[in-house]
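Shown below: final.tsv, with TSV, C-alpha atoms.
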chain	number	residue	atom	x	y	z
L	1	MET	CA	131.19	89.41	88.71
L	2	HIS	CA	131.49	89.64	84.92
L	3	PHE	CA	130.85	92.88	83.02
L	4	SER	CA	129.23	93.39	79.66
L	5	LEU	CA	128.11	96.16	77.32
L	6	PHE	CA	124.49	96.59	76.22
L	7	ILE	CA	124.27	98.82	73.18
L	8	HIS	CA	122.06	100.03	70.32
L	9	MET	CA	122.23	102.69	67.66
L	10	GLU	CA	120.16	105.57	69.03
L	11	ARG	CA	118.74	107.89	66.37
L	12	TYR	CA	116.57	110.89	67.20
L	13	SER	CA	116.63	113.01	64.02
L	14	GLU	CA	116.95	112.70	60.25
L	15	GLN	CA	120.28	114.52	60.47
L	16	GLU	CA	121.93	111.55	62.20
L	17	ASN	CA	123.55	109.03	59.86
L	18	HIS	CA	123.06	105.31	60.46
L	19	GLN	CA	126.50	104.49	59.07
L	20	GLN	CA	128.16	106.82	61.55
L	21	LEU	CA	126.02	105.47	64.39
L	22	PHE	CA	127.07	101.91	63.54
L	23	ASP	CA	130.73	102.91	63.35
L	24	GLU	CA	130.39	104.45	66.81
L	25	LEU	CA	128.70	101.32	68.13
L	26	CYS	CA	131.59	99.22	66.85
L	27	GLU	CA	134.15	101.54	68.45
L	28	LEU	CA	132.47	101.25	71.85
L	29	VAL	CA	132.42	97.45	71.54
L	30	LYS	CA	136.16	97.44	70.73
L	31	ILE	CA	136.82	99.66	73.77
L	32	ALA	CA	134.79	97.25	75.91
L	33	GLU	CA	136.75	94.26	74.61
L	34	ALA	CA	140.10	95.93	75.24
L	35	GLY	CA	138.90	96.91	78.71
L	36	GLY	CA	138.01	93.36	79.74
L	37	PHE	CA	134.26	93.24	79.23
L	38	ARG	CA	133.01	89.70	78.74
L	39	THR	CA	130.10	90.26	76.32
L	40	ALA	CA	128.59	92.84	73.98
L	41	TRP	CA	124.78	92.64	73.84
L	42	ILE	CA	122.56	93.97	71.04
L	43	GLY	CA	118.77	93.67	71.04
L	44	GLU	CA	116.09	93.28	68.39
L	45	HIS	CA	113.69	96.12	67.52
L	46	HIS	CA	111.73	97.00	64.39
L	47	GLY	CA	110.60	100.30	62.91
L	48	MET	CA	111.84	102.30	65.92
L	49	GLN	CA	114.59	104.82	65.25
L	50	PHE	CA	115.49	105.32	68.90
L	51	THR	CA	116.68	101.70	69.01
L	52	SER	CA	117.75	101.03	65.42
L	53	SER	CA	118.34	97.29	65.62
L	54	PRO	CA	116.32	95.13	63.22
L	55	SER	CA	118.87	92.30	63.20
L	56	PRO	CA	121.26	91.60	66.07
L	57	ILE	CA	122.60	88.68	64.02
L	58	ALA	CA	123.85	90.96	61.23
L	59	GLN	CA	125.53	93.36	63.63
L	60	LEU	CA	127.07	90.61	65.75
L	61	ALA	CA	128.35	88.73	62.69
L	62	TYR	CA	130.16	91.88	61.59
L	63	LEU	CA	131.55	92.36	65.09
L	64	ALA	CA	132.73	88.74	65.10
L	65	ALA	CA	135.17	89.64	62.33
L	66	LYS	CA	136.30	92.85	64.05
L	67	THR	CA	136.90	91.45	67.53
L	68	GLU	CA	138.81	88.53	69.00
L	69	ARG	CA	137.66	87.67	72.52
L	70	ILE	CA	134.50	89.48	73.53
L	71	ARG	CA	131.43	87.27	73.49
L	72	LEU	CA	128.53	88.33	71.28
L	73	GLY	CA	125.07	88.42	72.80
L	74	ALA	CA	121.62	88.84	71.31
L	75	GLY	CA	119.85	90.74	74.03
L	76	THR	CA	117.27	89.71	73.04
L	77	PHE	CA	115.58	87.92	70.17
L	78	VAL	CA	111.82	88.50	70.41
L	79	ALA	CA	110.27	85.03	70.32
L	80	PRO	CA	106.91	85.84	68.67
L	81	PHE	CA	108.72	87.45	65.71
L	82	TRP	CA	110.55	84.23	64.78
L	83	ASP	CA	110.09	80.74	63.42
L	84	PRO	CA	112.06	78.28	65.64
L	85	ILE	CA	113.78	76.47	62.75
L	86	ARG	CA	114.99	79.71	61.20
L	87	LEU	CA	116.14	81.19	64.50
L	88	ALA	CA	117.98	78.01	65.54
L	89	GLY	CA	119.85	77.86	62.23
L	90	GLU	CA	120.70	81.56	62.01
L	91	ALA	CA	121.88	81.71	65.62
L	92	ALA	CA	123.95	78.55	65.16
L	93	MET	CA	125.56	80.07	62.08
L	94	LEU	CA	126.50	83.12	64.14
L	95	ASP	CA	128.13	80.79	66.68
L	96	VAL	CA	130.16	79.22	63.86
L	97	ILE	CA	131.11	82.60	62.39
L	98	SER	CA	132.21	83.91	65.79
L	99	ASN	CA	134.22	80.78	66.67
L	100	GLY	CA	131.87	79.86	69.50
L	101	ARG	CA	131.19	83.26	71.08
L	102	LEU	CA	127.38	83.39	70.89
L	103	GLU	CA	125.28	84.26	73.94
L	104	PHE	CA	121.64	83.58	72.99
L	105	GLY	CA	119.13	85.86	74.71
L	106	ILE	CA	115.38	85.60	74.17
L	107	ALA	CA	112.29	87.39	75.45
L	108	ARG	CA	108.56	87.58	74.91
L	109	GLY	CA	108.68	91.20	73.65
L	110	ALA	CA	107.25	94.40	75.06
L	111	TYR	CA	106.35	97.11	72.54
L	112	GLN	CA	102.80	96.82	71.18
L	113	PHE	CA	103.93	99.03	68.28
L	114	GLU	CA	106.08	96.15	67.01
L	115	PHE	CA	103.46	93.46	67.66
L	116	ASP	CA	100.89	95.43	65.65
L	117	ARG	CA	103.20	95.28	62.64
L	118	LEU	CA	104.95	91.90	62.97
L	119	THR	CA	102.31	89.64	64.51
L	120	ASP	CA	99.07	90.93	62.99
L	121	GLY	CA	98.16	92.76	66.18
L	122	MET	CA	98.81	90.05	68.76
L	123	SER	CA	98.84	91.56	72.24
L	124	ALA	CA	102.37	91.98	73.54
L	125	ALA	CA	101.13	90.47	76.79
L	126	ASP	CA	100.50	87.19	74.93
L	127	GLY	CA	104.09	86.78	73.75
L	128	GLY	CA	104.93	84.51	76.66
L	129	GLN	CA	103.47	81.38	75.05
L	130	ALA	CA	105.76	81.79	72.04
L	131	LEU	CA	108.71	82.13	74.41
L	132	ARG	CA	107.75	79.03	76.38
L	133	GLU	CA	107.59	76.95	73.18
L	134	MET	CA	110.60	78.56	71.51
L	135	VAL	CA	113.13	77.70	74.22
L	136	PRO	CA	112.68	73.89	74.20
L	137	ALA	CA	112.36	73.97	70.41
L	138	ILE	CA	115.71	75.75	70.02
L	139	GLN	CA	117.33	73.35	72.48
L	140	GLY	CA	115.91	70.36	70.62
L	141	LEU	CA	116.86	71.61	67.17
L	142	TRP	CA	120.43	72.34	68.27
L	143	GLN	CA	120.73	68.84	69.73
L	144	GLY	CA	119.51	66.89	66.70
L	145	ASP	CA	116.29	65.74	65.02
L	146	TYR	CA	113.29	67.35	66.68
L	147	ALA	CA	109.56	67.71	65.97
L	148	HIS	CA	107.21	70.18	67.66
L	149	GLU	CA	103.44	70.19	68.13
L	150	GLY	CA	102.40	73.20	70.20
L	151	GLU	CA	99.82	75.95	70.33
L	152	VAL	CA	102.06	78.47	68.57
L	153	TYR	CA	104.52	76.35	66.55
L	154	ARG	CA	104.06	73.07	64.69
L	155	PHE	CA	106.61	71.38	62.46
L	156	PRO	CA	107.67	67.81	61.58
L	157	THR	CA	111.04	66.32	62.43
L	158	THR	CA	113.92	68.57	61.41
L	159	THR	CA	117.17	69.85	62.83
L	160	SER	CA	119.29	72.97	63.01
L	161	VAL	CA	121.67	73.41	60.12
L	162	PRO	CA	124.37	74.20	60.99
L	163	LYS	CA	124.80	73.10	64.58
L	164	PRO	CA	126.35	75.55	67.06
L	165	LEU	CA	130.08	75.28	67.61
L	166	GLN	CA	129.73	75.41	71.41
L	167	SER	CA	129.04	72.15	73.20
L	168	PRO	CA	126.59	71.14	74.45
L	169	ARG	CA	125.06	74.45	73.22
L	170	PRO	CA	125.50	78.22	73.48
L	171	PRO	CA	124.30	79.74	76.76
L	172	ILE	CA	120.62	80.69	76.63
L	173	TRP	CA	119.43	83.75	78.54
L	174	ILE	CA	115.78	84.56	79.27
L	175	ALA	CA	114.60	88.07	80.08
L	176	ALA	CA	112.52	87.65	83.23
L	177	ARG	CA	110.48	89.85	85.54
L	178	ASP	CA	107.62	87.90	87.14
L	179	PRO	CA	108.20	84.77	89.28
L	180	ASN	CA	106.85	82.42	86.59
L	181	SER	CA	109.45	83.68	84.10
L	182	HIS	CA	112.26	83.08	86.58
L	183	GLU	CA	110.88	79.61	87.30
L	184	PHE	CA	110.64	78.75	83.60
L	185	ALA	CA	114.20	79.89	82.92
L	186	VAL	CA	115.74	77.89	85.76
L	187	GLU	CA	113.65	74.77	84.98
L	188	ASN	CA	114.99	74.89	81.42
L	189	ASN	CA	118.65	75.32	82.40
L	190	CYS	CA	118.74	78.91	81.16
L	191	ASN	CA	120.46	81.96	82.57
L	192	VAL	CA	118.35	84.98	83.56
L	193	MET	CA	118.68	88.63	82.58
L	194	VAL	CA	116.78	91.32	84.47
L	195	THR	CA	116.44	95.09	84.40
L	196	ALA	CA	114.97	97.42	87.01
L	197	LEU	CA	114.34	100.07	84.33
L	198	MET	CA	113.64	103.32	86.22
L	199	LYS	CA	113.23	101.75	89.64
L	200	GLY	CA	115.82	101.75	92.39
L	201	ASP	CA	117.87	99.09	94.09
L	202	GLU	CA	114.87	97.79	96.01
L	203	GLU	CA	113.60	96.53	92.64
L	204	VAL	CA	116.98	94.90	91.95
L	205	ALA	CA	116.77	93.13	95.32
L	206	ASP	CA	113.24	91.95	94.54
L	207	LEU	CA	114.30	90.56	91.16
L	208	ALA	CA	117.24	88.78	92.81
L	209	ARG	CA	114.83	87.25	95.38
L	210	LYS	CA	112.59	85.94	92.60
L	211	PHE	CA	115.62	84.33	90.99
L	212	ASP	CA	116.77	82.84	94.30
L	213	THR	CA	113.30	81.39	94.87
L	214	ALA	CA	113.31	79.78	91.44
L	215	CYS	CA	116.72	78.26	92.13
L	216	SER	CA	115.54	76.96	95.52
L	217	ASN	CA	112.48	75.41	93.86
L	218	ASN	CA	114.73	73.51	91.45
L	219	PRO	CA	117.61	72.16	93.58
L	220	GLU	CA	118.49	69.54	90.97
L	221	ILE	CA	119.43	72.29	88.47
L	222	SER	CA	122.90	73.83	88.64
L	223	ARG	CA	122.49	77.49	89.60
L	224	PRO	CA	122.37	79.61	86.41
L	225	ASP	CA	123.89	83.05	85.97
L	226	LEU	CA	121.95	86.22	86.76
L	227	MET	CA	122.65	89.36	84.71
L	228	LEU	CA	121.52	92.85	85.70
L	229	LEU	CA	121.11	95.45	82.97
L	230	ARG	CA	121.24	99.12	84.07
L	231	HIS	CA	121.80	102.49	82.44
L	232	THR	CA	125.26	103.56	83.57
L	233	TYR	CA	126.89	106.99	83.50
L	234	VAL	CA	130.18	107.69	85.27
L	235	HIS	CA	131.50	111.18	85.92
L	236	GLU	CA	134.74	112.47	87.42
L	237	GLU	CA	135.12	113.09	91.15
L	238	SER	CA	136.39	116.56	90.26
L	239	ASP	CA	133.00	117.46	88.75
L	240	PRO	CA	130.48	117.31	91.64
L	241	GLU	CA	127.65	118.38	89.32
L	242	GLY	CA	128.58	115.86	86.63
L	243	TRP	CA	125.62	113.65	87.51
L	244	ARG	CA	123.24	116.23	86.05
L	245	LYS	CA	124.31	115.50	82.48
L	246	GLY	CA	123.52	111.82	82.94
L	247	THR	CA	120.17	112.36	84.63
L	248	GLU	CA	119.01	114.92	82.07
L	249	ALA	CA	119.93	112.54	79.25
L	250	LEU	CA	118.09	109.63	80.86
L	251	ASN	CA	115.06	111.77	81.59
L	252	LEU	CA	114.84	112.36	77.84
L	253	PHE	CA	115.54	108.69	77.03
L	254	TYR	CA	112.71	107.49	79.25
L	255	ARG	CA	110.34	110.08	77.87
L	256	TYR	CA	111.01	108.54	74.46
L	257	PHE	CA	110.67	105.06	75.97
L	258	LEU	CA	107.31	105.98	77.49
L	259	ALA	CA	106.06	107.41	74.20
L	260	TRP	CA	106.84	104.17	72.38
L	261	PHE	CA	105.39	102.08	75.18
L	262	LYS	CA	102.13	104.10	75.21
L	263	ASN	CA	101.93	103.73	71.40
L	264	ASP	CA	99.39	106.53	71.01
L	265	GLN	CA	101.16	108.52	68.28
L	266	GLN	CA	101.46	108.11	64.54
L	267	ALA	CA	105.11	107.32	63.85
L	268	VAL	CA	106.73	109.54	61.21
L	269	ASN	CA	109.53	107.68	59.42
L	270	GLY	CA	110.15	105.67	62.57
L	271	PHE	CA	110.20	108.64	64.95
L	272	PHE	CA	107.97	109.40	67.91
L	273	GLU	CA	108.02	112.62	69.90
L	274	PRO	CA	108.97	112.09	73.55
L	275	VAL	CA	106.22	112.62	76.10
L	276	THR	CA	106.40	116.11	77.55
L	277	GLN	CA	108.13	117.09	80.76
L	278	GLU	CA	104.79	118.36	82.05
L	279	SER	CA	103.13	114.97	81.61
L	280	VAL	CA	105.68	113.26	83.91
L	281	ALA	CA	106.21	116.13	86.35
L	282	ASP	CA	104.35	114.30	89.14
L	283	ASN	CA	106.31	111.05	88.66
L	284	PRO	CA	109.31	111.04	91.03
L	285	GLU	CA	111.10	108.48	88.84
L	286	PHE	CA	111.47	111.18	86.16
L	287	SER	CA	112.87	113.81	88.52
L	288	LEU	CA	116.59	114.45	88.27
L	289	GLU	CA	117.10	113.46	91.89
L	290	GLY	CA	115.02	110.30	91.41
L	291	LEU	CA	117.05	109.34	88.36
L	292	ARG	CA	120.28	110.05	90.22
L	293	GLN	CA	119.27	107.67	93.00
L	294	ASN	CA	117.82	104.91	90.84
L	295	MET	CA	120.11	104.80	87.81
L	296	MET	CA	123.80	103.89	87.98
L	297	ILE	CA	124.93	107.50	87.82
L	298	GLY	CA	127.84	108.77	89.86
L	299	THR	CA	131.55	108.91	90.51
L	300	PRO	CA	133.64	105.74	90.23
L	301	ASP	CA	133.58	105.26	94.00
L	302	GLU	CA	129.80	105.60	94.10
L	303	ILE	CA	129.40	103.10	91.27
L	304	ILE	CA	131.81	100.65	92.94
L	305	GLU	CA	129.84	100.72	96.18
L	306	ARG	CA	126.58	99.89	94.43
L	307	LEU	CA	128.18	97.15	92.35
L	308	LYS	CA	129.52	95.52	95.52
L	309	ASN	CA	125.95	95.42	96.83
L	310	TYR	CA	124.74	93.85	93.58
L	311	GLU	CA	127.45	91.22	93.92
L	312	LYS	CA	126.18	90.41	97.42
L	313	LEU	CA	122.67	89.95	95.96
L	314	GLY	CA	124.00	87.20	93.70
L	315	ILE	CA	124.31	89.17	90.46
L	316	THR	CA	126.96	87.35	88.41
L	317	GLU	CA	127.05	89.74	85.43
L	318	TYR	CA	126.54	93.49	85.32
L	319	SER	CA	125.66	94.96	81.93
L	320	PHE	CA	126.62	98.59	81.27
L	321	TRP	CA	123.67	99.96	79.24
L	322	THR	CA	124.87	102.74	76.95
L	323	ASP	CA	121.50	103.99	75.60
L	324	ASN	CA	120.95	107.42	77.14
L	325	THR	CA	120.50	110.09	74.36
L	326	LEU	CA	124.03	111.46	74.95
L	327	PRO	CA	126.43	112.05	72.04
L	328	PHE	CA	129.07	109.46	71.23
L	329	GLU	CA	132.04	111.26	72.77
L	330	GLU	CA	130.25	111.50	76.12
L	331	LYS	CA	129.32	107.80	76.02
L	332	LYS	CA	132.92	106.95	75.19
L	333	ARG	CA	134.29	109.07	78.04
L	334	SER	CA	131.91	107.46	80.56
L	335	LEU	CA	132.75	103.93	79.39
L	336	GLU	CA	136.50	104.56	79.51
L	337	LEU	CA	136.19	106.01	83.02
L	338	PHE	CA	134.24	102.92	84.12
L	339	ILE	CA	136.94	100.66	82.68
L	340	SER	CA	139.87	102.55	84.19
L	341	LYS	CA	138.42	103.37	87.62
L	342	VAL	CA	135.73	100.78	88.38
L	343	LEU	CA	136.69	97.46	86.78
L	344	PRO	CA	140.01	97.09	88.63
L	345	HIS	CA	138.05	96.67	91.87
L	346	PHE	CA	136.40	93.50	90.53
L	347	ARG	CA	139.43	91.61	89.24

As structure tokens, how would this structure be written, given the file I've shared?
Amino acid sequence: MHFSLFIHMERYSEQENHQQLFDELCELVKIAEAGGFRTAWIGEHHGMQFTSSPSPIAQLAYLAAKTERIRLGAGTFVAPFWDPIRLAGEAAMLDVISNGRLEFGIARGAYQFEFDRLTDGMSAADGGQALREMVPAIQGLWQGDYAHEGEVYRFPTTTSVPKPLQSPRPPIWIAARDPNSHEFAVENNCNVMVTALMKGDEEVADLARKFDTACSNNPEISRPDLMLLRHTYVHEESDPEGWRKGTEALNLFYRYFLAWFKNDQQAVNGFFEPVTQESVADNPEFSLEGLRQNMMIGTPDEIIERLKNYEKLGITEYSFWTDNTLPFEEKKRSLELFISKVLPHFR
């Protein structure tokens, strides 16, 4: 099993400085590289302070110059927000800049807030068609001359300039949840990334089954990789109540997440208020005990046991998701504990 870091700049007040947040992001990526993580992933989000990430390409290009070995993943580009020719060329340039370290992740998108502002109000649920056309278009443009005539994109023969450094192309990852998404990814020789969000390991097992089914349905395709993304917080064995800090932080994170997903507020300078504790009091997934069971929160031994089960499910990459509303020093401590106490059991 490979390990990777999934990271954004989290900003929850005007008092927090984006420069400092970016410096902290870079420090965590350097710690991950030194600790043996395979990839650092950064996503794409617009107008949302709690995931300040309008351009994974810009951040990853900077990190390419500040790191040596860790691979650099866009996790993920949002297909409906892009033109295929521009995305193919910019991503290929990042592969050149990074000396062939690009991991190309793509998704249909999720937040209606962003779709209302970047796609003239397209429903986020309709982003799948852009994804289904974008993937073969990117593959074709990276290979050579390619023309496209689809429902979403149309362009005459052109090619990606530059071409990616990796041959035959950088790995492509598709964020998948429903069976059709898994099927599409495998059919197109793409790796799959999944997240259970707030749900427990039964959801992880279900996502792994969907992936296995897609692989079984396409026996002529070499089995792709399957990455699981989960919020992770590790605390010392000597602190039996240490899990509370992680669960309280993730309770707040997901109350922000739900507020943005509901999209029923007027954003003020890119900020939403989190939904109230009272509004989620009847949802067991928001309870501290529910979060403790479902999220990757625990001592190193507890985390190791769950990771071994994920490995048995066929997960080939586990991505340590840092977003959790905690301050930088606490994130750093948790990551370093994971590296020193957990990773040695998977080498």

Handout entry: Among listed residues L:Ala79, L:Ile7, L:Ile57, L:Leu207, nearest Val194 in chain L (using all atoms listed in the file)
Key = L:Leu207

Exercise for the section: With a distance cut-off of 9 Å and all atoms listed in the file, select the neighbouring residues of Leu25 in chain L, excluding the residue or stretch itself and same-chain residues fewer than 2 positions from it, and output the selection as a list in words. Expected result: Ile7, His8, Met9, Gln20, Leu21, Phe22, Asp23, Glu27, Leu28, Val29, Lys30 and Phe328 of chain L

Problem - 9 Å contact set for Phe184 in chain L, only C-alpha atoms, chain neighbours under 5 positions out, as a PyMOL selection string - result: chain L and resi 132+174+179+189-190+214

Those residues with C-alpha atoms, as a PDB file, in the frame of the given file please?
ATOM      1  CA  ARG L 132     107.750  79.030  76.380  1.00  0.00           C
ATOM      2  CA  ILE L 174     115.780  84.560  79.270  1.00  0.00           C
ATOM      3  CA  PRO L 179     108.200  84.770  89.280  1.00  0.00           C
ATOM      4  CA  ASN L 189     118.650  75.320  82.400  1.00  0.00           C
ATOM      5  CA  CYS L 190     118.740  78.910  81.160  1.00  0.00           C
ATOM      6  CA  ALA L 214     113.310  79.780  91.440  1.00  0.00           C
TER       7      ALA L 214
END

Handout entry: Near-Ser98 in chain L list (8 Å; all atoms listed in the file; drop same-chain fewer than 4 positions) as JSON, numbers by chain
Key = {"L": [61, 64, 65, 72, 94, 102]}

Keeping C-alpha atoms for every residue in the selection just given, could you write it to a file as a JSON list (two decimals), in the frame of the given file?
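Resulting contents of again_35.json:
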[["chain", "number", "residue", "atom", "x", "y", "z"],
["L", 61, "ALA", "CA", 128.35, 88.73, 62.69],
["L", 64, "ALA", "CA", 132.73, 88.74, 65.10],
["L", 65, "ALA", "CA", 135.17, 89.64, 62.33],
["L", 72, "LEU", "CA", 128.53, 88.33, 71.28],
["L", 94, "LEU", "CA", 126.50, 83.12, 64.14],
["L", 102, "LEU", "CA", 127.38, 83.39, 70.89]]

Practice task
Select, from L:Phe113, L:Phe50, L:Tyr62, L:Phe37, the residue with the minimum atom-to-atom distance to Asp264 in chain L, counting all atoms listed in the file.
Solution key: L:Phe113

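With distances restricted to all atoms listed in the file, L:Ala205 is the closest residue to Lys312 in chain L from L:Val342, L:Val96, L:Ala205, L:Leu131.
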
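Rounded to one decimal, CA of Leu326 in chain L and CA of Arg108 in chain L lie 28.5 Å from each other.
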
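CA of Ala124 in chain L sits 5.4 Å away from CA of Gln112 in chain L.
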
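Nearest residue to Arg347 in chain L among L:Gly36, L:Met93, L:Arg333, L:Gly73 is L:Gly36, counting only C-alpha atoms.
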
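Across L:Gln19, L:Asn309, L:Thr67, L:Ser238, the tightest approach to Ala34 in chain L is made by L:Thr67 when counting only C-alpha atoms.
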
Exercise for the section: Pick out the residues sitting within 7 Å of Tyr233 in chain L, and hand them over as a PyMOL selection string; count all atoms listed in the file, and ignore anything fewer than 2 positions along from it in its own chain. Expected result: chain L and resi 231+235+246+296-298+334

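For the residues L:Asn269, L:Ile85, L:Val78, L:Thr157, ranking by smallest atom-to-atom distance to Leu118 in chain L using all atoms listed in the file places L:Val78 first.
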
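Picture a line from CA of Ile70 in chain L to CA of Ser4 in chain L; it runs 9.0 Å.
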
Export range 122-149 of chain L of the preceding structure, keeping C-alpha atoms, as a JSON list (two decimals), in the first residue's frame.
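Contents of part-v9.json, as written:
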[["chain", "number", "residue", "atom", "x", "y", "z"],
["L", 122, "MET", "CA", -25.38, 24.32, -14.52],
["L", 123, "SER", "CA", -26.56, 21.72, -12.03],
["L", 124, "ALA", "CA", -23.65, 20.05, -10.28],
["L", 125, "ALA", "CA", -25.42, 16.75, -10.94],
["L", 126, "ASP", "CA", -24.91, 17.33, -14.69],
["L", 127, "GLY", "CA", -21.12, 17.58, -14.48],
["L", 128, "GLY", "CA", -20.70, 13.93, -15.37],
["L", 129, "GLN", "CA", -21.07, 14.49, -19.12],
["L", 130, "ALA", "CA", -18.17, 16.95, -19.11],
["L", 131, "LEU", "CA", -16.08, 14.39, -17.24],
["L", 132, "ARG", "CA", -16.94, 11.61, -19.68],
["L", 133, "GLU", "CA", -15.85, 13.76, -22.64],
["L", 134, "MET", "CA", -12.85, 15.33, -20.91],
["L", 135, "VAL", "CA", -11.03, 12.08, -20.14],
["L", 136, "PRO", "CA", -10.75, 10.74, -23.73],
["L", 137, "ALA", "CA", -10.05, 14.27, -24.95],
["L", 138, "ILE", "CA", -7.10, 14.68, -22.58],
["L", 139, "GLN", "CA", -5.79, 11.25, -23.52],
["L", 140, "GLY", "CA", -6.08, 12.07, -27.22],
["L", 141, "LEU", "CA", -4.48, 15.50, -26.94],
["L", 142, "TRP", "CA", -1.54, 14.12, -24.97],
["L", 143, "GLN", "CA", -1.01, 11.42, -27.59],
["L", 144, "GLY", "CA", -0.99, 13.67, -30.66],
["L", 145, "ASP", "CA", -3.37, 15.35, -33.12],
["L", 146, "TYR", "CA", -6.95, 15.00, -31.92],
["L", 147, "ALA", "CA", -10.35, 16.46, -32.83],
["L", 148, "HIS", "CA", -13.48, 16.30, -30.67],
["L", 149, "GLU", "CA", -17.17, 16.57, -31.52]]
